[in-house]
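Trainee: My file is data31.cif. It has mmCIF, C-alpha atoms:
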```
data_work
#
loop_
_atom_site.label_atom_id
_atom_site.label_comp_id
_atom_site.auth_asym_id
_atom_site.auth_seq_id
_atom_site.Cartn_x
_atom_site.Cartn_y
_atom_site.Cartn_z
CA MET A 1296 92.67 90.09 116.42
CA ILE A 1297 93.25 93.61 115.08
CA GLY A 1298 93.06 93.85 111.31
CA TYR A 1299 95.93 95.68 109.63
CA PHE A 1300 95.89 97.37 106.22
CA ASP A 1301 99.12 98.10 104.36
CA ALA A 1302 98.47 101.02 102.02
CA HIS A 1303 101.73 100.63 100.12
CA ASN A 1304 104.25 97.88 99.50
CA HIS A 1305 106.14 96.10 96.71
CA LEU A 1306 105.62 92.41 97.42
CA GLN A 1307 106.70 91.63 93.84
CA ASP A 1308 110.19 93.05 94.41
CA GLU A 1309 113.19 90.83 93.75
CA TRP A 1310 114.42 91.32 97.32
CA LEU A 1311 111.26 89.60 98.59
CA ALA A 1312 111.01 87.01 95.82
CA PRO A 1313 112.97 84.26 97.65
CA HIS A 1314 110.75 84.71 100.71
CA GLN A 1315 107.43 85.56 99.08
CA ALA A 1316 105.43 82.44 99.99
CA GLU A 1317 106.47 82.56 103.64
CA VAL A 1318 105.91 86.33 103.80
CA ILE A 1319 102.33 85.89 102.59
CA LYS A 1320 101.68 83.18 105.19
CA THR A 1321 103.00 85.51 107.88
CA LEU A 1322 100.78 88.37 106.71
CA GLU A 1323 97.69 86.18 106.82
CA ARG A 1324 98.61 84.70 110.20
CA THR A 1325 99.25 88.07 111.84
CA GLY A 1326 96.02 89.75 110.74
CA VAL A 1327 97.08 91.81 107.73
CA GLN A 1328 93.78 91.95 105.87
CA ARG A 1329 94.72 93.79 102.70
CA TRP A 1330 97.88 95.10 101.16
CA VAL A 1331 98.22 97.39 98.14
CA VAL A 1332 101.03 96.08 95.94
CA ASN A 1333 102.44 98.79 93.69
CA GLY A 1334 104.02 98.23 90.32
CA THR A 1335 106.67 100.75 89.34
CA THR A 1336 107.71 99.81 85.81
CA GLU A 1337 106.39 97.81 82.88
CA ALA A 1338 108.77 94.99 83.84
CA ASP A 1339 106.97 94.25 87.13
CA TRP A 1340 103.32 94.82 86.23
CA ASP A 1341 102.74 91.20 85.26
CA ALA A 1342 104.16 90.04 88.60
CA VAL A 1343 101.82 92.36 90.48
CA ALA A 1344 98.84 91.10 88.48
CA LEU A 1345 99.82 87.48 89.19
CA LEU A 1346 100.01 88.12 92.94
CA ALA A 1347 96.51 89.57 92.87
CA LYS A 1348 95.23 86.59 90.92
CA GLN A 1349 96.76 84.18 93.43
CA ASN A 1350 95.66 85.95 96.63
CA SER A 1351 92.48 87.95 97.17
CA ARG A 1352 94.12 90.02 99.91
CA VAL A 1353 96.40 91.64 97.32
CA LEU A 1354 95.11 94.88 95.83
CA PRO A 1355 97.11 95.55 92.67
CA SER A 1356 98.16 99.01 91.56
CA PHE A 1357 100.07 99.83 88.38
CA GLY A 1358 102.12 102.85 87.44
CA LEU A 1359 105.41 104.25 86.15
CA HIS A 1360 107.67 105.42 88.98
CA PRO A 1361 109.75 108.53 88.20
CA TRP A 1362 113.00 106.61 88.75
CA TYR A 1363 112.24 104.27 85.85
CA LEU A 1364 110.76 106.50 83.16
CA ALA A 1365 113.78 106.09 80.91
CA ARG A 1366 112.96 102.36 80.66
CA ARG A 1367 109.44 102.82 79.33
CA THR A 1368 108.51 101.48 75.92
CA PRO A 1369 106.62 103.42 73.25
CA ASN A 1370 103.43 101.51 74.05
CA TRP A 1371 103.64 101.89 77.85
CA ARG A 1372 100.28 103.65 78.04
CA ASP A 1373 98.46 100.85 76.22
CA ARG A 1374 100.05 98.28 78.53
CA LEU A 1375 99.14 100.30 81.60
CA GLU A 1376 95.54 100.71 80.53
CA SER A 1377 95.31 97.00 79.76
CA HIS A 1378 96.31 96.14 83.33
CA LEU A 1379 93.92 98.72 84.75
CA ASN A 1380 91.08 97.36 82.62
CA ALA A 1381 91.80 93.84 83.89
CA GLY A 1382 91.38 94.98 87.49
CA SER A 1383 93.23 97.42 89.70
CA CYS A 1384 92.66 99.25 92.97
CA GLY A 1385 94.62 102.27 91.77
CA VAL A 1386 97.24 103.92 89.60
CA GLY A 1387 100.65 103.94 91.21
CA GLU A 1388 103.30 104.23 92.14
CA ILE A 1389 103.78 107.43 90.17
CA GLY A 1390 105.21 110.80 91.11
CA LEU A 1391 107.90 113.45 91.04
CA ASP A 1392 111.48 113.25 92.30
CA ARG A 1393 114.18 115.90 92.57
CA TRP A 1394 116.19 113.87 95.09
CA MET A 1395 117.79 111.35 92.74
CA ASP A 1396 120.37 112.71 90.33
CA GLY A 1397 120.13 112.29 86.59
CA LEU A 1398 116.34 112.32 86.20
CA ASP A 1399 114.60 114.48 83.60
CA PHE A 1400 112.18 116.50 85.72
CA GLU A 1401 110.25 117.92 82.77
CA ASP A 1402 109.67 114.38 81.49
CA GLN A 1403 108.53 113.37 84.96
CA LYS A 1404 105.87 116.07 84.94
CA VAL A 1405 104.61 115.05 81.51
CA VAL A 1406 104.30 111.36 82.42
CA PHE A 1407 102.83 112.14 85.84
CA LYS A 1408 100.09 114.28 84.28
CA GLU A 1409 99.34 111.60 81.72
CA GLN A 1410 98.94 108.92 84.39
CA LEU A 1411 96.83 111.28 86.48
CA GLU A 1412 94.56 111.73 83.48
CA ILE A 1413 94.25 107.95 83.13
CA ALA A 1414 93.29 107.64 86.80
CA VAL A 1415 90.71 110.42 86.58
CA ALA A 1416 89.02 108.73 83.61
CA ARG A 1417 88.51 105.60 85.74
CA ASN A 1418 88.14 107.37 89.13
CA LEU A 1419 90.97 105.25 90.51
CA PRO A 1420 93.00 106.59 93.44
CA VAL A 1421 96.57 107.58 92.69
CA THR A 1422 99.54 106.62 94.87
CA ILE A 1423 102.16 109.35 94.69
CA HIS A 1424 105.89 109.27 95.35
CA CYS A 1425 107.32 112.72 96.01
CA LEU A 1426 110.84 113.66 97.08
CA LYS A 1427 111.99 117.28 97.21
CA ALA A 1428 109.28 118.28 94.75
CA PHE A 1429 106.23 119.11 96.86
CA GLY A 1430 105.87 122.61 95.45
CA ALA A 1431 105.78 121.30 91.90
CA LEU A 1432 103.39 118.53 92.94
CA LEU A 1433 101.02 120.98 94.56
CA GLU A 1434 101.08 123.18 91.47
CA ILE A 1435 100.15 120.26 89.22
CA LEU A 1436 97.38 119.01 91.51
CA ARG A 1437 95.91 122.50 91.68
CA SER A 1438 95.83 122.83 87.91
CA GLU A 1439 94.84 119.30 86.84
CA LYS A 1440 91.82 117.17 87.60
CA VAL A 1441 92.33 114.56 90.31
CA PRO A 1442 90.30 111.38 90.93
CA GLU A 1443 87.18 111.92 93.03
CA ARG A 1444 88.32 109.03 95.24
CA GLY A 1445 91.41 111.02 96.15
CA PHE A 1446 95.11 110.25 96.17
CA LEU A 1447 97.74 108.91 98.56
CA LEU A 1448 100.94 110.75 99.42
CA HIS A 1449 102.84 107.67 100.48
CA SER A 1450 105.51 108.08 103.17
CA TYR A 1451 104.59 111.75 103.19
CA GLY A 1452 107.73 113.83 103.59
CA GLY A 1453 106.35 117.33 103.11
CA SER A 1454 105.74 120.01 105.69
CA ALA A 1455 102.88 120.27 108.14
CA GLU A 1456 101.97 123.62 106.60
CA MET A 1457 101.15 121.99 103.26
CA ILE A 1458 98.79 119.39 104.74
CA PRO A 1459 95.57 121.50 104.65
CA GLU A 1460 95.90 122.33 100.97
CA PHE A 1461 96.69 118.75 100.04
CA VAL A 1462 93.67 117.62 102.07
CA GLU A 1463 91.45 120.09 100.23
CA LEU A 1464 92.61 118.55 96.96
CA GLY A 1465 91.80 115.01 98.18
CA ALA A 1466 94.96 113.73 99.85
CA TYR A 1467 95.51 110.86 102.25
CA PHE A 1468 98.86 110.45 104.00
CA SER A 1469 100.51 107.14 104.88
CA PHE A 1470 102.90 106.72 107.79
CA SER A 1471 105.94 104.50 107.28
CA GLY A 1472 107.84 102.56 109.92
CA TYR A 1473 111.02 104.22 108.67
CA PHE A 1474 109.78 107.39 110.37
CA LEU A 1475 110.22 105.65 113.74
CA ALA A 1476 113.98 106.11 113.55
CA ASP A 1477 115.46 108.54 116.07
CA LYS A 1478 116.53 110.93 113.33
CA LYS A 1479 112.97 111.17 111.96
CA ALA A 1480 111.39 113.00 114.91
CA ALA A 1481 110.36 115.88 112.64
CA LYS A 1482 108.42 113.47 110.39
CA ARG A 1483 106.59 112.05 113.40
CA GLU A 1484 105.63 115.57 114.44
CA VAL A 1485 104.16 116.21 110.97
CA PHE A 1486 102.03 113.09 111.29
CA ARG A 1487 100.62 114.31 114.58
CA GLN A 1488 98.99 117.03 112.48
CA VAL A 1489 97.51 114.88 109.72
CA PRO A 1490 93.70 114.79 110.11
CA VAL A 1491 92.79 111.39 111.50
CA GLU A 1492 90.25 110.88 108.72
CA ARG A 1493 93.12 111.13 106.20
CA LEU A 1494 95.60 108.83 107.94
CA LEU A 1495 96.87 105.52 106.55
CA VAL A 1496 99.72 103.15 107.40
CA GLU A 1497 102.26 101.50 105.10
CA THR A 1498 105.44 99.44 105.08
CA ASP A 1499 106.86 100.23 101.61
CA ALA A 1500 108.43 96.78 101.94
CA PRO A 1501 111.03 95.71 101.08
CA ALA A 1502 112.31 99.30 101.46
CA MET A 1503 111.99 101.75 104.38
CA PRO A 1504 113.02 99.34 107.19
CA LEU A 1505 111.99 99.94 110.79
CA PRO A 1506 114.64 100.56 113.46
CA ALA A 1507 116.25 97.21 114.27
CA GLY A 1508 114.73 97.03 117.74
CA LEU A 1509 111.19 97.16 116.35
CA VAL A 1510 111.62 94.47 113.69
CA ARG A 1511 109.39 91.48 114.46
CA HIS A 1512 109.88 89.57 111.23
CA PRO A 1513 113.53 89.74 110.17
CA LEU A 1514 114.65 88.77 106.70
CA PRO A 1515 118.15 88.25 105.30
CA ASP A 1516 119.82 91.32 103.85
CA SER A 1517 119.62 91.95 100.13
CA PRO A 1518 122.46 90.75 97.87
CA GLU A 1519 123.80 94.32 98.12
CA GLY A 1520 123.88 94.03 101.91
CA ARG A 1521 120.91 96.32 102.59
CA PRO A 1522 118.23 95.49 105.20
CA VAL A 1523 115.03 94.01 103.76
CA ASN A 1524 111.76 95.14 105.32
CA HIS A 1525 109.19 92.39 105.91
CA PRO A 1526 105.63 93.72 105.34
CA GLY A 1527 104.55 91.77 108.43
CA ASN A 1528 106.26 94.48 110.49
CA ILE A 1529 103.21 96.68 109.94
CA GLY A 1530 101.80 95.68 113.33
CA ALA A 1531 104.70 97.44 115.05
CA VAL A 1532 104.09 100.52 112.89
CA TYR A 1533 100.45 100.65 113.97
CA GLU A 1534 101.40 100.30 117.63
CA ARG A 1535 103.97 103.09 117.56
CA LEU A 1536 101.69 105.35 115.53
CA SER A 1537 98.93 104.87 118.10
CA VAL A 1538 101.32 106.25 120.73
CA ILE A 1539 102.35 109.15 118.50
CA ARG A 1540 98.70 110.02 117.89
CA GLY A 1541 97.63 109.41 121.50
CA MET A 1542 94.94 106.93 120.42
CA PRO A 1543 94.15 103.41 121.62
CA LEU A 1544 95.44 100.90 119.09
CA GLU A 1545 91.96 99.51 118.44
CA GLU A 1546 90.60 102.99 117.72
CA LEU A 1547 93.46 103.79 115.36
CA ALA A 1548 93.03 100.48 113.52
CA ALA A 1549 89.32 101.05 113.05
CA ARG A 1550 89.92 104.55 111.70
CA VAL A 1551 92.66 103.39 109.32
CA GLU A 1552 90.39 100.64 108.00
CA GLU A 1553 87.67 103.20 107.35
CA ASN A 1554 90.10 105.48 105.53
CA PHE A 1555 91.52 102.58 103.53
CA THR A 1556 87.99 101.62 102.49
CA LYS A 1557 87.18 105.14 101.33
CA LEU A 1558 90.31 105.46 99.24
CA PHE A 1559 90.80 101.97 97.83
CA GLY A 1560 87.20 100.77 97.89
CA CYS A 1561 87.36 97.76 100.16
CA SER A 1562 88.10 96.38 103.59
CA LYS A 1563 87.56 93.24 105.63
CA SER A 1564 84.11 94.37 106.69
CA ASN A 1565 83.09 96.12 103.46
CA PRO A 1566 84.25 94.06 100.47
CA LYS A 1567 81.75 95.61 98.06
CA SER A 1568 84.04 96.87 95.34
CA ALA A 1569 84.54 94.82 92.21
CA ARG A 1570 88.24 95.43 92.81
CA CYS A 1571 87.98 93.82 96.25
CA PRO A 1572 86.70 90.22 96.30
CA ASP A 1573 85.62 88.55 99.52
CA LEU A 1574 88.37 87.18 101.68
CA GLU A 1575 88.76 83.44 101.44
#
```
Could you express the structure from this file as structure tokens?
Mentor:
Amino acid sequence: MIGYFDAHNHLQDEWLAPHQAEVIKTLERTGVQRWVVNGTTEADWDAVALLAKQNSRVLPSFGLHPWYLARRTPNWRDRLESHLNAGSCGVGEIGLDRWMDGLDFEDQKVVFKEQLEIAVARNLPVTIHCLKAFGALLEILRSEKVPERGFLLHSYGGSAEMIPEFVELGAYFSFSGYFLADKKAAKREVFRQVPVERLLVETDAPAMPLPAGLVRHPLPDSPEGRPVNHPGNIGAVYERLSVIRGMPLEELAARVEENFTKLFGCSKSNPKSARCPDLE
């Protein structure tokens, strides 16, 4: 069985909460070896930590997402560092966002730099959210220190022209199943140009759903009536990405596992990191 590695999801999210136990069984049954679960706000960090405690396949990551900075408490940094000290595969999801209205962009930059500094001190990889702010992101990454392990531009939505400079700074790029939609052909073309040694795969579940015809593990819609993405759909993402890249699926999977190991410090075949216990 091919081993899959989900570089970015939110298994703790309330949309997945009613289905969480069955989702985890499905992931284990279908060969998903590791999944990075990203906290986005102080309110969900404990849930991420609990998931990691309960299941060794969960790699926890903790950060303040730019959408939720207004909710942070005065002691957010102490709480973040406490979770990182207890065990984490990375700092994230953090980032910059000019897409959503009403966000203080200057505050975003301040908090992003502070979390980047925290990651550098521990040499933990950073998972970065970026929407309509790639120029500002590049400027910060050029001027600040970044973790030696590198950083992940999750669901990378920037241009192909920016890829070489991001790579030089230490970037990895994760492909989302959402980019398989007909209207996302330009995104697929960008990912044809990502160096294969910097390529990862993600679901961003429960967000970023695949086109309906590719969904293998359907879930009920959210209370708001929005489709909920099952992280078990990652197998379909791998298969379609292998076609996009013109690579046999087995070759792509082996390369993604190697990249995942380099960035996050563990894999099925190389569980040497203290952040990555042996699979049960």
Trainee: Once the PyMOL selection byres ((chain A and resi 1437-1444) around 8) has been applied to the shown file, what residues remain in the selection, as a count of residues only?
Mentor: 22
Trainee: Between A:Ala1312, A:Ile1413, A:Arg1329, A:Gly1520, which is the closest to A:Val1551 once you count all atoms listed in the file?
Mentor: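 Once distances to A:Val1551 are computed over all atoms listed in the file, the minimum belongs to A:Arg1329.
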Trainee: Give as a PyMOL selection string each residue that has an atom at most 10 Å from (105.4, 103.1, 105.4) in the file, counting all atoms listed in the file.
Mentor: chain A and resi 1301-1304+1449-1451+1468-1475+1495-1500+1502-1505+1526+1529+1532
Trainee: Could you write out as a ChimeraX atom specification the residues that the PyMOL selection byres ((chain A and resi 1546) around 12) matches in the shown file?
Mentor: /A:1297-1298,1491-1492,1533-1534,1536-1538,1540-1545,1547-1553
Trainee: Which residues fall under the PyMOL selection byres ((chain A and resi 1322) around 10) in this file, as number ranges by chain?
Mentor: A: 1299, 1317-1321, 1323-1330, 1352, 1525-1530
Trainee: Let me make sure I understand: among A:Asp1373, A:Asp1396, A:Glu1519, A:Glu1388, which one has the smallest atom-to-atom distance to A:Thr1336 if we use all atoms listed in the file?
Mentor: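 Among the listed residues, the smallest separation from A:Thr1336 belongs to A:Glu1388.
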Trainee: Please determine the residues with any atom at most 10 Å from (99.7, 98.5, 93.0) (coordinates as given in the file, with all atoms listed in the file counting) and report them as number ranges by chain.
Mentor: A: 1302-1307, 1330-1335, 1340, 1343-1344, 1347, 1353-1358, 1383-1388, 1421-1422
Trainee: Keeping C-alpha atoms, export the residues of the selection given above as an mmCIF file, keeping the file's coordinate frame.
Mentor:
```
data_model
loop_
_atom_site.group_PDB
_atom_site.id
_atom_site.type_symbol
_atom_site.label_atom_id
_atom_site.label_comp_id
_atom_site.auth_asym_id
_atom_site.auth_seq_id
_atom_site.Cartn_x
_atom_site.Cartn_y
_atom_site.Cartn_z
ATOM 1 C CA ALA A 1302 98.470 101.020 102.020
ATOM 2 C CA HIS A 1303 101.730 100.630 100.120
ATOM 3 C CA ASN A 1304 104.250 97.880 99.500
ATOM 4 C CA HIS A 1305 106.140 96.100 96.710
ATOM 5 C CA LEU A 1306 105.620 92.410 97.420
ATOM 6 C CA GLN A 1307 106.700 91.630 93.840
ATOM 7 C CA TRP A 1330 97.880 95.100 101.160
ATOM 8 C CA VAL A 1331 98.220 97.390 98.140
ATOM 9 C CA VAL A 1332 101.030 96.080 95.940
ATOM 10 C CA ASN A 1333 102.440 98.790 93.690
ATOM 11 C CA GLY A 1334 104.020 98.230 90.320
ATOM 12 C CA THR A 1335 106.670 100.750 89.340
ATOM 13 C CA TRP A 1340 103.320 94.820 86.230
ATOM 14 C CA VAL A 1343 101.820 92.360 90.480
ATOM 15 C CA ALA A 1344 98.840 91.100 88.480
ATOM 16 C CA ALA A 1347 96.510 89.570 92.870
ATOM 17 C CA VAL A 1353 96.400 91.640 97.320
ATOM 18 C CA LEU A 1354 95.110 94.880 95.830
ATOM 19 C CA PRO A 1355 97.110 95.550 92.670
ATOM 20 C CA SER A 1356 98.160 99.010 91.560
ATOM 21 C CA PHE A 1357 100.070 99.830 88.380
ATOM 22 C CA GLY A 1358 102.120 102.850 87.440
ATOM 23 C CA SER A 1383 93.230 97.420 89.700
ATOM 24 C CA CYS A 1384 92.660 99.250 92.970
ATOM 25 C CA GLY A 1385 94.620 102.270 91.770
ATOM 26 C CA VAL A 1386 97.240 103.920 89.600
ATOM 27 C CA GLY A 1387 100.650 103.940 91.210
ATOM 28 C CA GLU A 1388 103.300 104.230 92.140
ATOM 29 C CA VAL A 1421 96.570 107.580 92.690
ATOM 30 C CA THR A 1422 99.540 106.620 94.870
#
```
Trainee: Find the residue from A:Pro1513, A:Gly1452, A:Gly1397, A:Pro1518 that sits nearest to A:Pro1361; use all atoms listed in the file when measuring.
Mentor: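 The answer is A:Gly1397, which sits nearest to A:Pro1361.
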Trainee: Find the spatial neighbours of stretch 1398-1406 of chain A, counting all atoms listed in the file, within a cut-off of 10 Å - ignore same-chain residues fewer than 2 positions away - and output them as a PyMOL selection string.
Mentor: chain A and resi 1359-1365+1372+1389-1396+1408-1412+1428+1431-1432+1435
Trainee: For A:Asn1370, which residue out of A:Asp1477, A:Glu1309, A:Glu1456, A:Glu1337 is the nearest one, using all atoms listed in the file?
Mentor: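 Ranking A:Asp1477, A:Glu1309, A:Glu1456, A:Glu1337 by distance to A:Asn1370, first place goes to A:Glu1337.
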